[in-house]
$ cat work.cif   # mmCIF, C-alpha atoms
data_my_file
#
loop_
_atom_site.group_PDB
_atom_site.id
_atom_site.type_symbol
_atom_site.label_atom_id
_atom_site.label_comp_id
_atom_site.auth_asym_id
_atom_site.auth_seq_id
_atom_site.Cartn_x
_atom_site.Cartn_y
_atom_site.Cartn_z
ATOM 1 C CA MET A 12 13.820 -4.200 -42.521
ATOM 2 C CA LYS A 13 10.079 -4.060 -42.878
ATOM 3 C CA LYS A 14 9.681 -7.323 -40.964
ATOM 4 C CA ALA A 15 11.478 -5.992 -37.880
ATOM 5 C CA TRP A 16 8.845 -3.251 -37.559
ATOM 6 C CA VAL A 17 6.065 -5.803 -37.573
ATOM 7 C CA LEU A 18 7.587 -7.452 -34.522
ATOM 8 C CA ILE A 19 7.437 -4.293 -32.376
ATOM 9 C CA PRO A 20 3.770 -4.628 -31.302
ATOM 10 C CA LEU A 21 4.505 -8.249 -30.399
ATOM 11 C CA ALA A 22 7.499 -7.162 -28.308
ATOM 12 C CA VAL A 23 5.380 -4.527 -26.556
ATOM 13 C CA PHE A 24 2.717 -7.130 -25.901
ATOM 14 C CA VAL A 25 5.226 -9.582 -24.428
ATOM 15 C CA ALA A 26 6.717 -6.858 -22.223
ATOM 16 C CA MET A 27 3.236 -5.981 -20.937
ATOM 17 C CA LEU A 28 2.544 -9.643 -20.315
ATOM 18 C CA VAL A 29 5.706 -9.891 -18.198
ATOM 19 C CA PHE A 30 4.780 -6.792 -16.182
ATOM 20 C CA LEU A 31 1.239 -8.004 -15.601
ATOM 21 C CA GLY A 32 2.520 -11.458 -14.681
ATOM 22 C CA VAL A 33 4.866 -9.997 -12.085
ATOM 23 C CA GLY A 34 2.037 -7.757 -10.872
ATOM 24 C CA LEU A 35 -0.115 -10.798 -10.220
ATOM 25 C CA LYS A 36 2.507 -12.172 -7.856
ATOM 26 C CA LEU A 37 2.691 -8.972 -5.819
ATOM 27 C CA ASP A 38 0.433 -8.434 -2.852
ATOM 28 C CA PRO A 39 -1.084 -4.953 -3.096
ATOM 29 C CA ARG A 40 -1.725 -5.042 0.643
ATOM 30 C CA GLU A 41 1.982 -5.086 1.345
ATOM 31 C CA VAL A 42 2.911 -1.441 1.395
ATOM 32 C CA PRO A 43 6.561 -0.760 2.192
ATOM 33 C CA SER A 44 6.778 0.916 5.572
ATOM 34 C CA PRO A 45 8.550 4.249 5.774
ATOM 35 C CA LEU A 46 9.416 3.348 9.375
ATOM 36 C CA ILE A 47 12.157 0.896 8.385
ATOM 37 C CA ASP A 48 15.511 2.155 9.714
ATOM 38 C CA LYS A 49 13.686 4.751 11.799
ATOM 39 C CA PRO A 50 13.626 4.815 15.605
ATOM 40 C CA VAL A 51 10.748 2.886 17.110
ATOM 41 C CA PRO A 52 7.852 5.224 18.024
ATOM 42 C CA THR A 53 7.867 5.837 21.745
ATOM 43 C CA PHE A 54 5.031 4.409 23.764
ATOM 44 C CA SER A 55 4.300 3.809 27.393
ATOM 45 C CA LEU A 56 1.225 1.670 27.855
ATOM 46 C CA GLN A 57 -0.514 -0.449 30.450
ATOM 47 C CA THR A 58 0.425 -4.094 30.354
ATOM 48 C CA LEU A 59 -2.349 -6.542 29.771
ATOM 49 C CA ASP A 60 -1.508 -8.736 32.756
ATOM 50 C CA GLU A 61 -1.058 -5.930 35.234
ATOM 51 C CA PRO A 62 -2.748 -2.700 34.150
ATOM 52 C CA SER A 63 -1.020 -0.796 36.937
ATOM 53 C CA ARG A 64 2.356 -1.599 35.409
ATOM 54 C CA LEU A 65 3.482 0.358 32.366
ATOM 55 C CA LEU A 66 5.820 -0.887 29.682
ATOM 56 C CA SER A 67 7.543 1.617 27.442
ATOM 57 C CA SER A 68 9.544 1.259 24.243
ATOM 58 C CA ALA A 69 12.561 2.578 26.187
ATOM 59 C CA ASP A 70 12.413 -0.453 28.508
ATOM 60 C CA MET A 71 13.356 -2.673 25.605
ATOM 61 C CA ARG A 72 16.545 -0.796 24.739
ATOM 62 C CA GLY A 73 19.754 -2.796 24.530
ATOM 63 C CA GLN A 74 18.178 -5.947 23.161
ATOM 64 C CA VAL A 75 16.816 -7.146 19.863
ATOM 65 C CA TRP A 76 13.068 -7.628 20.168
ATOM 66 C CA LEU A 77 9.921 -8.222 18.187
ATOM 67 C CA LEU A 78 6.769 -6.184 18.443
ATOM 68 C CA ASN A 79 3.764 -8.180 17.357
ATOM 69 C CA VAL A 80 0.526 -6.283 16.801
ATOM 70 C CA TRP A 81 -2.420 -8.522 17.580
ATOM 71 C CA ALA A 82 -6.039 -8.548 18.700
ATOM 72 C CA SER A 83 -8.460 -11.208 19.809
ATOM 73 C CA TRP A 84 -10.868 -10.131 17.034
ATOM 74 C CA CYS A 85 -8.285 -10.636 14.323
ATOM 75 C CA GLY A 86 -8.411 -13.818 12.270
ATOM 76 C CA GLY A 87 -4.870 -13.617 10.955
ATOM 77 C CA CYS A 88 -3.580 -13.361 14.512
ATOM 78 C CA ARG A 89 -5.210 -16.627 15.381
ATOM 79 C CA GLU A 90 -3.657 -18.133 12.285
ATOM 80 C CA GLU A 91 -0.118 -17.118 13.250
ATOM 81 C CA HIS A 92 -0.519 -17.696 16.971
ATOM 82 C CA PRO A 93 0.605 -21.352 17.163
ATOM 83 C CA THR A 94 3.750 -20.387 15.228
ATOM 84 C CA LEU A 95 4.473 -17.603 17.693
ATOM 85 C CA VAL A 96 3.825 -19.780 20.739
ATOM 86 C CA GLU A 97 6.186 -22.425 19.432
ATOM 87 C CA PHE A 98 8.777 -19.810 18.493
ATOM 88 C CA ALA A 99 8.632 -18.201 21.930
ATOM 89 C CA GLN A 100 9.612 -21.506 23.507
ATOM 90 C CA THR A 101 12.966 -21.352 21.732
ATOM 91 C CA ARG A 102 13.657 -18.085 23.592
ATOM 92 C CA ALA A 103 15.431 -16.782 20.499
ATOM 93 C CA VAL A 104 14.117 -13.253 20.941
ATOM 94 C CA PRO A 105 11.676 -11.530 23.305
ATOM 95 C CA ILE A 106 8.294 -10.766 21.766
ATOM 96 C CA VAL A 107 6.239 -7.838 23.003
ATOM 97 C CA GLY A 108 2.569 -7.868 22.060
ATOM 98 C CA LEU A 109 0.751 -4.691 21.098
ATOM 99 C CA ASN A 110 -2.854 -5.535 21.793
ATOM 100 C CA TYR A 111 -4.496 -3.314 19.208
ATOM 101 C CA LYS A 112 -8.001 -1.925 19.810
ATOM 102 C CA ASP A 113 -9.094 -4.874 21.862
ATOM 103 C CA GLN A 114 -11.082 -5.469 25.024
ATOM 104 C CA PRO A 115 -8.490 -6.390 27.685
ATOM 105 C CA ASP A 116 -10.815 -9.072 29.051
ATOM 106 C CA ASP A 117 -11.225 -10.673 25.623
ATOM 107 C CA ALA A 118 -7.485 -10.437 25.059
ATOM 108 C CA ARG A 119 -6.638 -12.104 28.372
ATOM 109 C CA ARG A 120 -9.117 -14.893 27.711
ATOM 110 C CA TRP A 121 -7.706 -15.362 24.208
ATOM 111 C CA LEU A 122 -4.157 -15.739 25.527
ATOM 112 C CA GLY A 123 -5.365 -18.020 28.310
ATOM 113 C CA ARG A 124 -6.952 -20.326 25.806
ATOM 114 C CA LEU A 125 -4.355 -20.274 23.011
ATOM 115 C CA GLY A 126 -1.123 -19.716 24.914
ATOM 116 C CA ASN A 127 0.923 -16.611 25.581
ATOM 117 C CA PRO A 128 4.086 -16.149 23.518
ATOM 118 C CA TYR A 129 4.720 -12.623 24.777
ATOM 119 C CA ILE A 130 7.062 -11.448 27.519
ATOM 120 C CA ALA A 131 4.331 -8.827 27.940
ATOM 121 C CA SER A 132 1.462 -7.385 25.975
ATOM 122 C CA VAL A 133 0.542 -3.735 26.162
ATOM 123 C CA SER A 134 -2.955 -2.396 25.568
ATOM 124 C CA ASP A 135 -3.433 0.068 22.749
ATOM 125 C CA LEU A 136 -7.077 0.680 23.528
ATOM 126 C CA ASP A 137 -7.747 3.600 21.188
ATOM 127 C CA GLY A 138 -5.342 2.532 18.442
ATOM 128 C CA ARG A 139 -3.184 5.643 18.745
ATOM 129 C CA THR A 140 0.029 3.691 19.204
ATOM 130 C CA GLY A 141 -0.973 1.577 16.216
ATOM 131 C CA ILE A 142 -1.202 4.751 14.130
ATOM 132 C CA GLU A 143 2.275 5.771 15.327
ATOM 133 C CA PHE A 144 3.526 2.428 14.034
ATOM 134 C CA GLY A 145 1.656 2.840 10.751
ATOM 135 C CA VAL A 146 -0.414 -0.239 11.486
ATOM 136 C CA TYR A 147 -3.158 -0.860 8.938
ATOM 137 C CA GLY A 148 -3.650 -4.598 8.927
ATOM 138 C CA VAL A 149 -3.302 -6.737 11.997
ATOM 139 C CA PRO A 150 -1.282 -8.876 12.526
ATOM 140 C CA GLU A 151 1.917 -6.971 11.896
ATOM 141 C CA THR A 152 5.330 -7.698 13.335
ATOM 142 C CA PHE A 153 8.303 -5.381 13.701
ATOM 143 C CA VAL A 154 11.901 -6.444 14.259
ATOM 144 C CA ILE A 155 13.668 -3.846 16.395
ATOM 145 C CA ASP A 156 17.409 -3.737 17.030
ATOM 146 C CA LYS A 157 19.383 -2.989 20.194
ATOM 147 C CA ALA A 158 19.467 0.730 19.502
ATOM 148 C CA GLY A 159 15.705 0.829 19.162
ATOM 149 C CA VAL A 160 15.643 1.091 15.363
ATOM 150 C CA ILE A 161 12.987 -0.736 13.342
ATOM 151 C CA ARG A 162 14.736 -3.094 10.937
ATOM 152 C CA HIS A 163 11.913 -5.074 9.421
ATOM 153 C CA LYS A 164 8.154 -5.109 9.209
ATOM 154 C CA GLN A 165 6.131 -8.203 8.498
ATOM 155 C CA ILE A 166 2.580 -7.508 7.344
ATOM 156 C CA GLY A 167 0.142 -10.338 7.784
ATOM 157 C CA PRO A 168 0.463 -13.615 9.640
ATOM 158 C CA ILE A 169 3.907 -14.991 10.393
ATOM 159 C CA THR A 170 4.452 -18.459 8.992
ATOM 160 C CA PRO A 171 7.178 -20.931 10.004
ATOM 161 C CA ASP A 172 8.811 -20.214 6.630
ATOM 162 C CA ILE A 173 8.906 -16.480 7.214
ATOM 163 C CA LEU A 174 10.338 -17.050 10.674
ATOM 164 C CA ARG A 175 13.051 -19.365 9.416
ATOM 165 C CA ASP A 176 13.981 -17.476 6.253
ATOM 166 C CA THR A 177 13.550 -13.840 7.207
ATOM 167 C CA ILE A 178 13.037 -13.061 10.848
ATOM 168 C CA LEU A 179 15.408 -15.490 12.557
ATOM 169 C CA PRO A 180 18.420 -14.716 10.311
ATOM 170 C CA LEU A 181 17.808 -11.002 10.846
ATOM 171 C CA VAL A 182 17.559 -11.421 14.628
ATOM 172 C CA LYS A 183 20.811 -13.393 14.648
ATOM 173 C CA LYS A 184 22.536 -10.756 12.558
ATOM 174 C CA LEU A 185 21.308 -7.940 14.795
ATOM 175 C CA ASN A 186 22.286 -9.817 17.924
ATOM 176 C CA ALA A 187 25.803 -10.281 16.598
ATOM 177 C CA VAL A 188 26.300 -6.521 16.263
ATOM 178 C CA MET B 15 -39.633 -3.499 8.072
ATOM 179 C CA LEU B 16 -36.077 -4.400 7.172
ATOM 180 C CA PRO B 17 -35.062 -0.946 5.920
ATOM 181 C CA PHE B 18 -36.567 0.530 9.051
ATOM 182 C CA LEU B 19 -34.524 -1.854 11.166
ATOM 183 C CA PHE B 20 -31.394 -0.880 9.324
ATOM 184 C CA ALA B 21 -32.146 2.779 9.809
ATOM 185 C CA VAL B 22 -32.589 2.262 13.522
ATOM 186 C CA LEU B 23 -29.415 0.222 13.763
ATOM 187 C CA LEU B 24 -27.350 2.713 11.794
ATOM 188 C CA ALA B 25 -28.758 5.835 13.381
ATOM 189 C CA PRO B 26 -26.352 5.931 16.341
ATOM 190 C CA ALA B 27 -23.390 5.478 13.992
ATOM 191 C CA PHE B 28 -24.467 8.416 11.848
ATOM 192 C CA ALA B 29 -25.152 10.541 14.880
ATOM 193 C CA LYS B 30 -21.671 9.855 16.178
ATOM 194 C CA GLU B 31 -20.137 10.830 12.859
ATOM 195 C CA ALA B 32 -22.253 13.891 12.371
ATOM 196 C CA ALA B 33 -21.811 15.533 15.730
ATOM 197 C CA PRO B 34 -18.463 17.273 15.097
ATOM 198 C CA VAL B 35 -19.741 18.911 11.897
ATOM 199 C CA ALA B 36 -21.988 21.191 13.850
ATOM 200 C CA ALA B 37 -19.159 21.925 16.245
ATOM 201 C CA ASP B 38 -16.879 23.587 13.710
ATOM 202 C CA PRO B 39 -17.927 23.640 10.052
ATOM 203 C CA VAL B 40 -14.667 25.235 8.873
ATOM 204 C CA ALA B 41 -12.473 22.614 10.509
ATOM 205 C CA GLU B 42 -14.794 19.901 9.262
ATOM 206 C CA ALA B 43 -14.547 21.183 5.693
ATOM 207 C CA ARG B 44 -10.772 21.112 5.987
ATOM 208 C CA LEU B 45 -10.948 17.592 7.381
ATOM 209 C CA MET B 46 -13.036 16.457 4.410
ATOM 210 C CA GLN B 47 -10.730 18.186 1.953
ATOM 211 C CA LEU B 48 -7.622 16.650 3.528
ATOM 212 C CA SER B 49 -8.970 13.184 4.049
ATOM 213 C CA SER B 50 -10.276 13.010 0.482
ATOM 214 C CA GLU B 51 -6.656 13.221 -0.668
ATOM 215 C CA LEU B 52 -5.489 10.422 1.595
ATOM 216 C CA ARG B 53 -5.783 6.757 0.847
ATOM 217 C CA CYS B 54 -7.338 4.359 3.300
ATOM 218 C CA LEU B 55 -4.887 1.488 3.623
ATOM 219 C CA VAL B 56 -7.494 -1.039 4.662
ATOM 220 C CA CYS B 57 -9.658 -0.593 1.589
ATOM 221 C CA GLN B 58 -7.082 0.751 -0.792
ATOM 222 C CA ASN B 59 -9.300 2.222 -3.460
ATOM 223 C CA GLN B 60 -11.157 4.459 -1.074
ATOM 224 C CA THR B 61 -10.091 7.700 0.495
ATOM 225 C CA ILE B 62 -10.022 8.187 4.217
ATOM 226 C CA ALA B 63 -12.981 10.518 3.731
ATOM 227 C CA ASP B 64 -15.047 7.838 1.968
ATOM 228 C CA SER B 65 -14.109 4.781 3.927
ATOM 229 C CA ASN B 66 -15.971 3.516 6.929
ATOM 230 C CA ALA B 67 -13.185 1.120 7.906
ATOM 231 C CA GLU B 68 -12.307 1.480 11.543
ATOM 232 C CA LEU B 69 -8.820 2.675 10.736
ATOM 233 C CA ALA B 70 -10.230 5.393 8.480
ATOM 234 C CA VAL B 71 -12.489 6.571 11.303
ATOM 235 C CA ASP B 72 -9.504 6.620 13.668
ATOM 236 C CA LEU B 73 -7.409 8.520 11.174
ATOM 237 C CA ARG B 74 -10.172 11.064 10.583
ATOM 238 C CA ASN B 75 -10.272 11.629 14.332
ATOM 239 C CA GLU B 76 -6.509 11.964 14.393
ATOM 240 C CA ILE B 77 -6.620 14.540 11.574
ATOM 241 C CA ARG B 78 -9.482 16.371 13.277
ATOM 242 C CA GLU B 79 -7.404 16.687 16.434
ATOM 243 C CA LYS B 80 -4.406 17.882 14.490
ATOM 244 C CA ILE B 81 -6.538 20.544 12.794
ATOM 245 C CA GLN B 82 -7.826 21.668 16.166
ATOM 246 C CA ALA B 83 -4.228 21.767 17.415
ATOM 247 C CA GLY B 84 -3.513 24.257 14.631
ATOM 248 C CA MET B 85 -1.372 22.099 12.376
ATOM 249 C CA SER B 86 -1.180 23.039 8.699
ATOM 250 C CA ASP B 87 -2.375 20.731 5.913
ATOM 251 C CA ALA B 88 1.232 20.088 4.883
ATOM 252 C CA GLU B 89 2.192 19.137 8.430
ATOM 253 C CA ILE B 90 -0.725 16.734 8.696
ATOM 254 C CA LYS B 91 0.156 15.130 5.369
ATOM 255 C CA ASP B 92 3.769 14.777 6.519
ATOM 256 C CA PHE B 93 2.520 13.065 9.663
ATOM 257 C CA MET B 94 0.601 10.557 7.561
ATOM 258 C CA VAL B 95 3.439 9.968 5.094
ATOM 259 C CA ALA B 96 5.922 9.417 7.934
ATOM 260 C CA ARG B 97 3.788 6.531 9.168
ATOM 261 C CA TYR B 98 2.147 5.067 6.096
ATOM 262 C CA GLY B 99 4.470 6.135 3.275
ATOM 263 C CA ASP B 100 3.820 8.028 0.043
ATOM 264 C CA PHE B 101 1.203 5.407 -0.726
ATOM 265 C CA VAL B 102 -1.339 7.275 1.414
ATOM 266 C CA LEU B 103 -1.193 10.260 -0.912
ATOM 267 C CA TYR B 104 -3.494 10.041 -3.892
ATOM 268 C CA ARG B 105 -1.235 12.619 -5.502
ATOM 269 C CA PRO B 106 2.248 11.161 -5.052
ATOM 270 C CA PRO B 107 5.116 13.662 -4.777
ATOM 271 C CA VAL B 108 7.438 14.088 -7.758
ATOM 272 C CA LYS B 109 10.730 12.395 -6.974
ATOM 273 C CA ASN B 110 13.110 9.936 -8.605
ATOM 274 C CA THR B 111 11.078 6.844 -7.820
ATOM 275 C CA THR B 112 7.813 8.369 -9.040
ATOM 276 C CA LEU B 113 9.211 10.105 -12.121
ATOM 277 C CA VAL B 114 8.004 7.399 -14.502
ATOM 278 C CA LEU B 115 4.567 7.679 -12.945
ATOM 279 C CA TRP B 116 4.427 11.402 -13.588
ATOM 280 C CA ILE B 117 6.023 11.728 -17.025
ATOM 281 C CA GLY B 118 5.336 8.224 -18.340
ATOM 282 C CA PRO B 119 1.893 9.038 -19.795
ATOM 283 C CA PHE B 120 3.203 12.163 -21.525
ATOM 284 C CA LEU B 121 6.122 10.177 -22.878
ATOM 285 C CA LEU B 122 3.748 7.544 -24.269
ATOM 286 C CA LEU B 123 1.568 10.266 -25.758
ATOM 287 C CA ALA B 124 4.594 11.844 -27.429
ATOM 288 C CA VAL B 125 5.777 8.507 -28.829
ATOM 289 C CA GLY B 126 2.283 7.638 -30.066
ATOM 290 C CA GLY B 127 1.853 11.103 -31.577
ATOM 291 C CA GLY B 128 5.251 10.802 -33.235
ATOM 292 C CA ILE B 129 4.329 7.502 -34.851
ATOM 293 C CA LEU B 130 0.985 8.916 -35.996
ATOM 294 C CA VAL B 131 2.568 12.005 -37.575
ATOM 295 C CA PHE B 132 5.241 9.876 -39.230
ATOM 296 C CA ASN B 133 2.657 7.538 -40.728
ATOM 297 C CA LEU B 134 0.400 10.339 -41.899
ATOM 298 C CA LYS B 135 3.305 12.068 -43.614
ATOM 299 C CA GLN B 136 4.300 8.887 -45.378
ATOM 300 C CA ARG B 137 0.780 8.288 -46.528
ATOM 301 C CA ARG B 138 0.460 11.822 -47.875
ATOM 302 C CA GLN B 139 3.723 11.420 -49.747
ATOM 303 C CA ARG B 140 2.500 8.196 -51.258
ATOM 304 C CA ALA B 141 -0.720 9.887 -52.341
ATOM 305 C CA ALA B 142 1.116 12.841 -53.844
ATOM 306 C CA ASP B 143 3.518 10.622 -55.770
ATOM 307 C CA PRO B 144 2.362 9.548 -59.197
ATOM 308 C CA ALA B 145 1.122 6.035 -58.888
ATOM 309 C CA LEU B 146 3.611 4.734 -61.456
ATOM 310 C CA SER B 147 7.117 5.747 -62.293
ATOM 311 C CA HIS B 148 7.962 6.940 -65.792
ATOM 312 C CA ASP B 149 9.291 3.545 -66.886
ATOM 313 C CA GLU B 150 6.372 1.713 -65.372
ATOM 314 C CA ALA B 151 3.914 4.015 -67.158
ATOM 315 C CA ALA B 152 5.651 3.403 -70.463
ATOM 316 C CA LEU B 153 5.552 -0.310 -69.916
ATOM 317 C CA ALA B 154 1.846 -0.226 -69.069
ATOM 318 C CA GLU B 155 1.191 1.884 -72.105
ATOM 319 C CA SER B 156 2.979 -0.481 -74.435
ATOM 320 C CA LEU B 157 1.137 -3.446 -72.939
ATOM 321 C CA LEU B 158 -2.192 -1.767 -73.439
ATOM 322 C CA HIS B 159 -1.498 -1.015 -77.056
ATOM 323 C CA THR B 160 -0.229 -4.393 -78.047
ATOM 324 C CA ASP B 161 -2.827 -6.531 -79.700
ATOM 325 C CA PRO B 162 -3.368 -9.635 -77.642
ATOM 326 C CA THR B 163 -4.555 -11.615 -80.658
ATOM 327 C CA LYS B 164 -1.287 -11.016 -82.371
ATOM 328 C CA GLU B 165 0.761 -12.007 -79.420
ATOM 329 C CA THR B 166 -0.667 -15.453 -79.117
ATOM 330 C CA THR B 167 1.024 -17.278 -81.848
#

$ encode --input "work.cif" --output "structure tokens"
Amino acid sequence: MKKAWVLIPLAVFVAMLVFLGVGLKLDPREVPSPLIDKPVPTFSLQTLDEPSRLLSSADMRGQVWLLNVWASWCGGCREEHPTLVEFAQTRAVPIVGLNYKDQPDDARRWLGRLGNPYIASVSDLDGRTGIEFGVYGVPETFVIDKAGVIRHKQIGPITPDILRDTILPLVKKLNAV
Amino acid sequence: MLPFLFAVLLAPAFAKEAAPVAADPVAEARLMQLSSELRCLVCQNQTIADSNAELAVDLRNEIREKIQAGMSDAEIKDFMVARYGDFVLYRPPVKNTTLVLWIGPFLLLAVGGGILVFNLKQRRQRAADPALSHDEAALAESLLHTDPTKETT
């Protein structure tokens, strides 16, 4: 009986070790978004290509689409860009770019040099639309369903693995509805 | 030379930040109070009041505008939580998912206190008890009074 008591500190220690071990694997930068399963924030912004033309969130109704928040000053965006360009060629889902707090000239040059995966990019010059979307670390990508509801948020660069394992299956599922 | 250079370089930034304070000290005090309770998501261990990350500056401006628009502190916090989640609050609300966070420390304290009291009581009992039972005392006594020289035969 006495021996069982001696084991308790060891058990507590092992439990703590497990918790800390799991904690190491978690990314503290990935904060769950409260916007999941909420309607996409409305926006109506100038498009990057044609500033006189506006694109609004309502224009995208009726189709599954991705909103990718990017900027020419953002390193992670550059990292994920080839993946996006390649993905866009499959025409699996339209991608709208939210050009976050960027200089439109820089942004246009950036797309000209690295390729343009977007059906259109809109300029969020002052970052207000980004705040509506709860953006805190570019790049971020939202998967939005036909009814205009946010279904998934990817924080940080998209990798081919994330596309294949998470985003593409979700897009297919949403398209089937 | 270098500090001077820095001062010159930073001066416009400070000026930009400082301007609204003069405009409305009451609103600015509220802004500081509010933003010191909100977490900056870019540099997670700083408040929006402390952080100089661009997002924190933007959010301070957003809060400033909301104060000027006459929104209450609770409404502004709700606005932030709706976009960034409970994580932005340094004081998370009490609900099912945060219950452990709120009562966990008290629970641990109670358990630790319980163990301490239990151990202290046991120790006191041990101290109060005679060191040897009646039989043991008798045995010790008899051993002490036997002559060791006689025993070794």

$ resolve_selection --input "work.cif" --expression "the PyMOL selection byres ((chain A) within 12 of (chain B))" --output "count of residues only"
30

$ atom_distance --input "work.cif" --atom1 "atom CA of B:Gln60" --atom2 "atom CA of B:Leu103"
11.5 Å

$ axis_aligned_box --input "work.cif" --around "stretch 168-174 of chain A" --padding-each-side "6 Å" --output "JSON"
{"center_x": 5.4, "center_y": -17.3, "center_z": 8.7, "size_x": 21.9, "size_y": 19.3, "size_z": 16.0}

$ residues_near_point --input "work.cif" --point "(5.0, -19.1, 21.2)" --cutoff "10 Å" --atoms "all atoms listed in the file" --output "tab-separated table (two decimals) with C-alpha atoms, keeping the file's coordinate frame"
chain	number	residue	atom	x	y	z
A	91	GLU	CA	-0.12	-17.12	13.25
A	92	HIS	CA	-0.52	-17.70	16.97
A	93	PRO	CA	0.60	-21.35	17.16
A	94	THR	CA	3.75	-20.39	15.23
A	95	LEU	CA	4.47	-17.60	17.69
A	96	VAL	CA	3.82	-19.78	20.74
A	97	GLU	CA	6.19	-22.42	19.43
A	98	PHE	CA	8.78	-19.81	18.49
A	99	ALA	CA	8.63	-18.20	21.93
A	100	GLN	CA	9.61	-21.51	23.51
A	101	THR	CA	12.97	-21.35	21.73
A	102	ARG	CA	13.66	-18.08	23.59
A	106	ILE	CA	8.29	-10.77	21.77
A	125	LEU	CA	-4.36	-20.27	23.01
A	126	GLY	CA	-1.12	-19.72	24.91
A	127	ASN	CA	0.92	-16.61	25.58
A	128	PRO	CA	4.09	-16.15	23.52
A	129	TYR	CA	4.72	-12.62	24.78

$ atom_distance --input "work.cif" --atom1 "atom CA of A:Asp113" --atom2 "atom CA of A:Leu56"
13.6 Å

$ resolve_selection --input "work.cif" --expression "the PyMOL selection byres ((chain A and resi 71-77) around 6)" --output "list in words"
Ser68, Ala69, Asp70, Leu78, Val104, Pro105, Ile106, Phe153, Val154, Ile155, Asp156, Lys157 and Gly159 of chain A

$ write_last_selection --input "work.cif" --atoms "C-alpha atoms" --output "compact mmCIF listing (two decimals), in the frame of the given file"
# COMPACT_ATOMS: atom_id res chain seq x y z
CA SER A 68 9.54 1.26 24.24
CA ALA A 69 12.56 2.58 26.19
CA ASP A 70 12.41 -0.45 28.51
CA LEU A 78 6.77 -6.18 18.44
CA VAL A 104 14.12 -13.25 20.94
CA PRO A 105 11.68 -11.53 23.30
CA ILE A 106 8.29 -10.77 21.77
CA PHE A 153 8.30 -5.38 13.70
CA VAL A 154 11.90 -6.44 14.26
CA ILE A 155 13.67 -3.85 16.40
CA ASP A 156 17.41 -3.74 17.03
CA LYS A 157 19.38 -2.99 20.19
CA GLY A 159 15.70 0.83 19.16

$ closest_residue --input "work.cif" --among "B:Ser49, B:Thr160, B:Thr61, B:Thr111" --to "B:Asn75" --atoms "only C-alpha atoms"
B:Ser49

$ atom_distance --input "work.cif" --atom1 "atom CA of A:Asp48" --atom2 "atom CA of A:Ile161"
5.3 Å

$ resolve_selection --input "work.cif" --expression "the PyMOL selection byres ((chain A and resi 55) around 9)" --output "VMD selection string"
chain A and resid 53 to 54 56 to 57 65 to 69 133

$ closest_residue --input "work.cif" --among "A:Ala103, A:Gly167, A:Arg89, A:Phe30" --to "A:Leu181" --atoms "all atoms listed in the file"
A:Ala103

$ residues_around --input "work.cif" --residues "stretch 38-48 of chain B" --least-positions-apart "5" --cutoff "12 Å" --atoms "all atoms listed in the file" --output "ChimeraX atom specification"
/B:31-33,53,61-65,71,73-92,94,102-105
